[in-house]
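For reference, the structure discussed in these notes is given below.
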Protein chains: 2
Amino acid sequence: MSQNQSAPILQNDLLLRVARGETVHRAPVWMMRQAGRSLVEYKQVQVQAGGFRALIAQPALAAEVTIQPVEIVGVDAAIIFSDILVIPEAMGLPYQMLPQKGPSFEETIRSSADMARLHPVQSEGNLDHTYEALRITKRLLNGRVPLIGFAGAPWTIFCYMTEGSGSKTFSVAKSILYRNPVFAHDLLQRITDATIIYLRGQIAAGADLVQIFDSWAGALDRKTFEAFSLPYIAQICAAIQEVPKTVFAKGAFFSLDSLAALDCQVLGIDWQIDAEMATAAIKKQALQGNADPCLLYAAPEVIAQETTAMLNAFPAGRHIANLGHGINPDTPRESLFAFVETVKNHRYA
Amino acid sequence: MSQNQSAPILQNDLLLRVARGETVHRAPVWMMRQAGRSLVEYKQVQVQAGGFRALIAQPALAAEVTIQPVEIVGVDAAIIFSDILVIPEAMGLPYQMLPQKGPSFEETIRSSADMARLHPVQSEGNLDHTYEALRITKRLLNGRVPLIGFAGAPWTIFCYMTEGSGSKTFSVAKSILYRNPVFAHDLLQRITDATIIYLRGQIAAGADLVQIFDSWAGALDRKTFEAFSLPYIAQICAAIQEVPKTVFAKGAFFSLDSLAALDCQVLGIDWQIDAEMATAAIKKQALQGNADPCLLYAAPEVIAQETTAMLNAFPAGRHIANLGHGINPDTPRESLFAFVETVKNHRYA
């Protein structure tokens, strides 16, 4: 039985109302990477937990940092603190998070022999931790705001599993697409199957909406994105019908029309795509975004001015205010308030 | 007196004919980073010279690696082996090229006090070396193909001077734009002035065409690109009238219409922009590009097929075949031949 059925009625359901196309008096606001990036309160809990990976494995602490931006900054949604890479881990590829360098896998998947070592996802890795963190968060939120679950898009996970880390050119991942498309599709399908199980688990544990992050969509072009990424995102969208879905394909300016055809309720718009371009291509979904995270280095009055311009540029009632990419770790604290307050004070006529 | 006046008549002037809008029987072809990246013959000369920086400082060897792709791969143009960072160096900021990590500056320019230490460019740094390399190359080419000179766009140079190295988010450079635009414009103007002097020197030394590389245009959005990058590129285009100009603003999909208004003869199209999008926005200039450098990991028959598709997608006679970004260092040698031969065998009707 879904946790949602016993959950208290949401006091602030702005996010879900916009996702469902219902009337709102202002745009809801949250910020990608609002949990687990820039708040000093987060950094304290992370040290207490013993690092980023250790924090994911401690559901009570993960729930605590998930709720911090709701209580401290006043955002209209919580997003569960976790990592897209728990999926490759659950499939059999452990990883480390290296300071300055980011994620690093000891082993990579580049051949059929490598792939044979992978196993289907049940609840290995940190998946159970994430479900438990969702349940605790849901209880502690007690209906204050919706709770967002998430997963990486299969292409993005494929990049990490083949490259073993982030990359500037993704030359390993992309050479597989060009040299061995059959292998690529096989691995992408396995990741997709695991991701659907994972998102269903998150929904059962209380997620009110799920977001699919295709962080490396921008390593592709239209043709390769629509061959190797979009079909797997579409499979996930088709499989998940219990809650609204947001798809954020960062850097996929070349496929806005194809993204607009997805069975999802919200499309994330990155900060390089202007509102005019997004609204011209996307008619059906709500639009989430898209302030430049670097805008948050500006003085509060500049943030207020640019955020207001953003609010005016997106269609009223179809807009979820957010950044167009994750918060930078060194973002000044007062900037978070300037951004969120500007949105909350901007009422639709 | 310009070296061009005494140069032999070009035997292969396809590149310049397309730049000037004259009739051609096929697309000219060259590849960004064709010199100084993937050829084993280059790597040998680089070792002999004592490294990348040392090679730039030895004009006879720089000329040798410039000519290698003409003689070995059969491209229709040579581009001088040098580095966009000779400009900050000539302004007073020395740098190192670190293995795996790329360029690294000891000092950065982040305040007016820092900026006061910069000096105007005459021929300090390695600029004289580059001019001499152009003269030697021109002599050795002896009219076989045109010789391309180049410089970084002011915004890209600004990134290196403020960040001190490459960056994932360009948060230092961009925070300056958002917090101190007056300072940013001052530094950008100084870089622009130096770049115009440098390009004029390259033309006097024999460059038949110059290309401006805005490698980090994609760190901006439309508004910031058109405020902090495009006006300085436009100044350079206005100042240089002796030879055709190519502008390559990588990642600036959001400003194709504004790029199309520049006073230049060729626009570089990166590999993420499809030919349809480029030709819809750009009517005046020739289009240069835009195969994905990762396509060169594919089998030769796939390279031939995709390259033919590219040739058919761009307008005949207005297209300079190229990659849509620099060659990756680990590109297989046979792929260079597959790409170049496909273009050379594709005749316009």
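How things are named: the first chain in the structure tokens is A, the next is B, and so on; residues count from 1 in each chain; ligands count from 1 in the order shown.
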
Please identify all residues of chain A having at least one atom at most 6 Å from any atom of chain B, considering only C-alpha atoms, and return them as a PDB file with N, CA and C atoms, in the first residue's frame.
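Result file follows (selection06.pdb):
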ATOM      1  N   SER A 175      32.064   6.881 -27.985  1.00  0.00           N
ATOM      2  CA  SER A 175      32.652   5.946 -28.954  1.00  0.00           C
ATOM      3  C   SER A 175      31.880   4.634 -28.938  1.00  0.00           C
ATOM      4  N   TYR A 178      28.895   5.082 -31.178  1.00  0.00           N
ATOM      5  CA  TYR A 178      29.244   5.084 -32.597  1.00  0.00           C
ATOM      6  C   TYR A 178      29.772   3.728 -33.076  1.00  0.00           C
ATOM      7  N   ARG A 179      30.436   2.983 -32.182  1.00  0.00           N
ATOM      8  CA  ARG A 179      31.080   1.738 -32.610  1.00  0.00           C
ATOM      9  C   ARG A 179      30.253   0.504 -32.287  1.00  0.00           C
ATOM     10  N   ASP A 221      23.989  15.175 -29.559  1.00  0.00           N
ATOM     11  CA  ASP A 221      23.297  16.079 -30.469  1.00  0.00           C
ATOM     12  C   ASP A 221      21.898  15.506 -30.709  1.00  0.00           C
ATOM     13  N   GLN A 272      20.436  28.095 -20.154  1.00  0.00           N
ATOM     14  CA  GLN A 272      20.867  28.655 -21.436  1.00  0.00           C
ATOM     15  C   GLN A 272      19.721  28.808 -22.427  1.00  0.00           C
ATOM     16  N   TYR A 297      25.539  34.741  -7.584  1.00  0.00           N
ATOM     17  CA  TYR A 297      26.718  35.490  -7.120  1.00  0.00           C
ATOM     18  C   TYR A 297      26.464  36.994  -7.111  1.00  0.00           C
ATOM     19  N   ALA A 298      25.374  37.416  -7.754  1.00  0.00           N
ATOM     20  CA  ALA A 298      25.094  38.854  -7.878  1.00  0.00           C
ATOM     21  C   ALA A 298      24.583  39.418  -6.556  1.00  0.00           C
TER      22      ALA A 298
END

Practice task
Within 9 Å of range 61-69 of chain A, counting only C-alpha atoms, which residues show up once you throw out same-chain ones fewer than 2 positions away? Write them as a PyMOL selection string, please.
Solution key: chain A and resi 30+34-36+39+41-42+45-46+49+55-59+71-75+77-82+129-130+132-138+140-141

Can those selected residues be exported to a file as a JSON list (two decimals), in the first residue's frame so that it contains N, CA and C atoms?
[["chain", "number", "residue", "atom", "x", "y", "z"],
["A", 30, "TRP", "N", 11.49, 26.05, -5.92],
["A", 30, "TRP", "CA", 12.52, 25.26, -5.23],
["A", 30, "TRP", "C", 13.78, 25.36, -6.06],
["A", 34, "GLN", "N", 19.21, 22.06, -3.80],
["A", 34, "GLN", "CA", 18.96, 22.86, -2.59],
["A", 34, "GLN", "C", 19.38, 22.10, -1.34],
["A", 35, "ALA", "N", 19.28, 20.77, -1.38],
["A", 35, "ALA", "CA", 19.74, 19.94, -0.26],
["A", 35, "ALA", "C", 21.11, 19.38, -0.62],
["A", 36, "GLY", "N", 22.04, 19.49, 0.31],
["A", 36, "GLY", "CA", 23.31, 18.81, 0.09],
["A", 36, "GLY", "C", 24.28, 19.55, -0.77],
["A", 39, "LEU", "N", 24.34, 24.95, 1.90],
["A", 39, "LEU", "CA", 24.00, 25.41, 3.25],
["A", 39, "LEU", "C", 25.04, 24.94, 4.27],
["A", 41, "GLU", "N", 24.49, 24.45, 7.31],
["A", 41, "GLU", "CA", 23.83, 23.43, 8.14],
["A", 41, "GLU", "C", 23.97, 22.04, 7.51],
["A", 42, "TYR", "N", 23.94, 21.99, 6.19],
["A", 42, "TYR", "CA", 24.17, 20.71, 5.50],
["A", 42, "TYR", "C", 25.59, 20.24, 5.74],
["A", 45, "VAL", "N", 26.05, 18.53, 9.00],
["A", 45, "VAL", "CA", 25.49, 17.17, 9.06],
["A", 45, "VAL", "C", 26.36, 16.21, 8.25],
["A", 46, "GLN", "N", 26.88, 16.68, 7.13],
["A", 46, "GLN", "CA", 27.72, 15.82, 6.29],
["A", 46, "GLN", "C", 28.98, 15.39, 7.04],
["A", 49, "ALA", "N", 28.06, 12.88, 9.58],
["A", 49, "ALA", "CA", 27.74, 11.57, 9.01],
["A", 49, "ALA", "C", 29.00, 10.82, 8.57],
["A", 55, "LEU", "N", 26.46, 9.79, 4.39],
["A", 55, "LEU", "CA", 25.21, 10.49, 4.69],
["A", 55, "LEU", "C", 24.03, 9.85, 3.97],
["A", 56, "ILE", "N", 24.25, 9.43, 2.73],
["A", 56, "ILE", "CA", 23.18, 8.75, 1.99],
["A", 56, "ILE", "C", 22.75, 7.47, 2.72],
["A", 57, "ALA", "N", 23.71, 6.83, 3.35],
["A", 57, "ALA", "CA", 23.45, 5.54, 4.01],
["A", 57, "ALA", "C", 22.80, 5.69, 5.38],
["A", 58, "GLN", "N", 22.58, 6.94, 5.84],
["A", 58, "GLN", "CA", 21.97, 7.17, 7.15],
["A", 58, "GLN", "C", 20.65, 7.93, 6.95],
["A", 59, "PRO", "N", 19.56, 7.20, 6.80],
["A", 59, "PRO", "CA", 18.29, 7.81, 6.39],
["A", 59, "PRO", "C", 17.81, 8.96, 7.28],
["A", 71, "GLU", "N", 12.83, 24.46, 5.82],
["A", 71, "GLU", "CA", 12.76, 25.20, 7.08],
["A", 71, "GLU", "C", 13.61, 26.46, 7.08],
["A", 72, "ILE", "N", 14.76, 26.40, 6.42],
["A", 72, "ILE", "CA", 15.68, 27.54, 6.47],
["A", 72, "ILE", "C", 15.38, 28.56, 5.38],
["A", 73, "VAL", "N", 15.14, 28.08, 4.15],
["A", 73, "VAL", "CA", 15.00, 29.00, 3.02],
["A", 73, "VAL", "C", 13.53, 29.19, 2.62],
["A", 74, "GLY", "N", 12.67, 28.27, 3.03],
["A", 74, "GLY", "CA", 11.25, 28.44, 2.75],
["A", 74, "GLY", "C", 10.81, 28.04, 1.36],
["A", 75, "VAL", "N", 11.48, 27.06, 0.77],
["A", 75, "VAL", "CA", 11.08, 26.60, -0.57],
["A", 75, "VAL", "C", 9.75, 25.84, -0.51],
["A", 77, "ALA", "N", 8.99, 22.97, -2.00],
["A", 77, "ALA", "CA", 9.08, 21.52, -2.17],
["A", 77, "ALA", "C", 10.39, 21.04, -1.56],
["A", 78, "ALA", "N", 10.39, 19.80, -1.10],
["A", 78, "ALA", "CA", 11.62, 19.14, -0.67],
["A", 78, "ALA", "C", 12.00, 18.13, -1.74],
["A", 79, "ILE", "N", 13.29, 17.96, -1.96],
["A", 79, "ILE", "CA", 13.76, 16.89, -2.85],
["A", 79, "ILE", "C", 14.68, 16.00, -2.04],
["A", 80, "ILE", "N", 14.42, 14.71, -2.12],
["A", 80, "ILE", "CA", 15.13, 13.79, -1.25],
["A", 80, "ILE", "C", 16.64, 13.87, -1.46],
["A", 81, "PHE", "N", 17.41, 13.90, -0.39],
["A", 81, "PHE", "CA", 18.86, 13.87, -0.50],
["A", 81, "PHE", "C", 19.31, 12.46, -0.84],
["A", 82, "SER", "N", 19.85, 12.30, -2.03],
["A", 82, "SER", "CA", 20.40, 11.02, -2.46],
["A", 82, "SER", "C", 21.34, 11.31, -3.62],
["A", 129, "HIS", "N", 18.07, 2.49, 1.73],
["A", 129, "HIS", "CA", 18.34, 3.70, 2.52],
["A", 129, "HIS", "C", 17.51, 4.87, 2.00],
["A", 130, "THR", "N", 17.46, 4.98, 0.67],
["A", 130, "THR", "CA", 16.73, 6.11, 0.08],
["A", 130, "THR", "C", 15.24, 5.99, 0.36],
["A", 132, "GLU", "N", 13.87, 4.52, 2.89],
["A", 132, "GLU", "CA", 13.68, 4.83, 4.31],
["A", 132, "GLU", "C", 13.79, 6.34, 4.55],
["A", 133, "ALA", "N", 14.75, 6.98, 3.87],
["A", 133, "ALA", "CA", 14.90, 8.44, 4.01],
["A", 133, "ALA", "C", 13.62, 9.14, 3.54],
["A", 134, "LEU", "N", 13.02, 8.64, 2.46],
["A", 134, "LEU", "CA", 11.77, 9.23, 1.97],
["A", 134, "LEU", "C", 10.66, 9.08, 3.03],
["A", 135, "ARG", "N", 10.57, 7.89, 3.62],
["A", 135, "ARG", "CA", 9.51, 7.67, 4.63],
["A", 135, "ARG", "C", 9.69, 8.59, 5.84],
["A", 136, "ILE", "N", 10.93, 8.73, 6.30],
["A", 136, "ILE", "CA", 11.19, 9.60, 7.45],
["A", 136, "ILE", "C", 10.88, 11.06, 7.09],
["A", 137, "THR", "N", 11.36, 11.47, 5.89],
["A", 137, "THR", "CA", 11.13, 12.86, 5.46],
["A", 137, "THR", "C", 9.65, 13.16, 5.39],
["A", 138, "LYS", "N", 8.92, 12.23, 4.79],
["A", 138, "LYS", "CA", 7.48, 12.41, 4.63],
["A", 138, "LYS", "C", 6.80, 12.62, 5.98],
["A", 140, "LEU", "N", 8.26, 13.67, 8.79],
["A", 140, "LEU", "CA", 8.69, 14.93, 9.41],
["A", 140, "LEU", "C", 8.12, 16.15, 8.69],
["A", 141, "LEU", "N", 7.96, 16.06, 7.39],
["A", 141, "LEU", "CA", 7.36, 17.18, 6.65],
["A", 141, "LEU", "C", 5.92, 17.38, 7.10]]

Exercise for the section: Write out as a list of chain:residue names which residues come within 7 Å of Val247 in chain B when counting only C-alpha atoms, dropping same-chain ones fewer than 4 positions away. Expected result: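 That gives B:Gln211, B:Ile212, B:Phe213, B:Val266, B:Leu267, B:Gly268.
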
Using only N, CA and C atoms, please write the residues we just selected to a file, as an mmCIF file, in the first residue's frame.
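Contents of the output file out_13.cif:
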data_model
loop_
_atom_site.group_PDB
_atom_site.id
_atom_site.type_symbol
_atom_site.label_atom_id
_atom_site.label_comp_id
_atom_site.auth_asym_id
_atom_site.auth_seq_id
_atom_site.Cartn_x
_atom_site.Cartn_y
_atom_site.Cartn_z
ATOM 1 N N GLN B 211 40.536 33.247 -37.907
ATOM 2 C CA GLN B 211 39.384 32.698 -37.185
ATOM 3 C C GLN B 211 39.445 33.145 -35.734
ATOM 4 N N ILE B 212 38.300 33.574 -35.226
ATOM 5 C CA ILE B 212 38.166 33.977 -33.818
ATOM 6 C C ILE B 212 37.430 32.860 -33.095
ATOM 7 N N PHE B 213 38.095 32.284 -32.096
ATOM 8 C CA PHE B 213 37.538 31.152 -31.347
ATOM 9 C C PHE B 213 36.936 31.635 -30.032
ATOM 10 N N VAL B 266 32.480 33.941 -42.590
ATOM 11 C CA VAL B 266 32.217 32.541 -42.250
ATOM 12 C C VAL B 266 31.794 32.452 -40.790
ATOM 13 N N LEU B 267 30.806 31.599 -40.501
ATOM 14 C CA LEU B 267 30.459 31.293 -39.119
ATOM 15 C C LEU B 267 30.711 29.809 -38.858
ATOM 16 N N GLY B 268 31.466 29.540 -37.808
ATOM 17 C CA GLY B 268 31.677 28.158 -37.392
ATOM 18 C C GLY B 268 30.440 27.651 -36.670
#

Exercise for the section: For Ile9 in chain A, work out the shell of residues within 12 Å, counting only C-alpha atoms and skipping chain neighbours fewer than 5 positions away, then give it as an MDAnalysis selection string. Expected result: chainID A and resid 4 138 141:146 208

Practice task
Rank A:Ala238, A:His346, A:Ala261, A:Thr156 by their smallest atom-to-atom distance to Ala316 in chain A, using only C-alpha atoms, and report the top residue only.
Solution key: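 With only C-alpha atoms as the atom set, the closest residue is A:His346.
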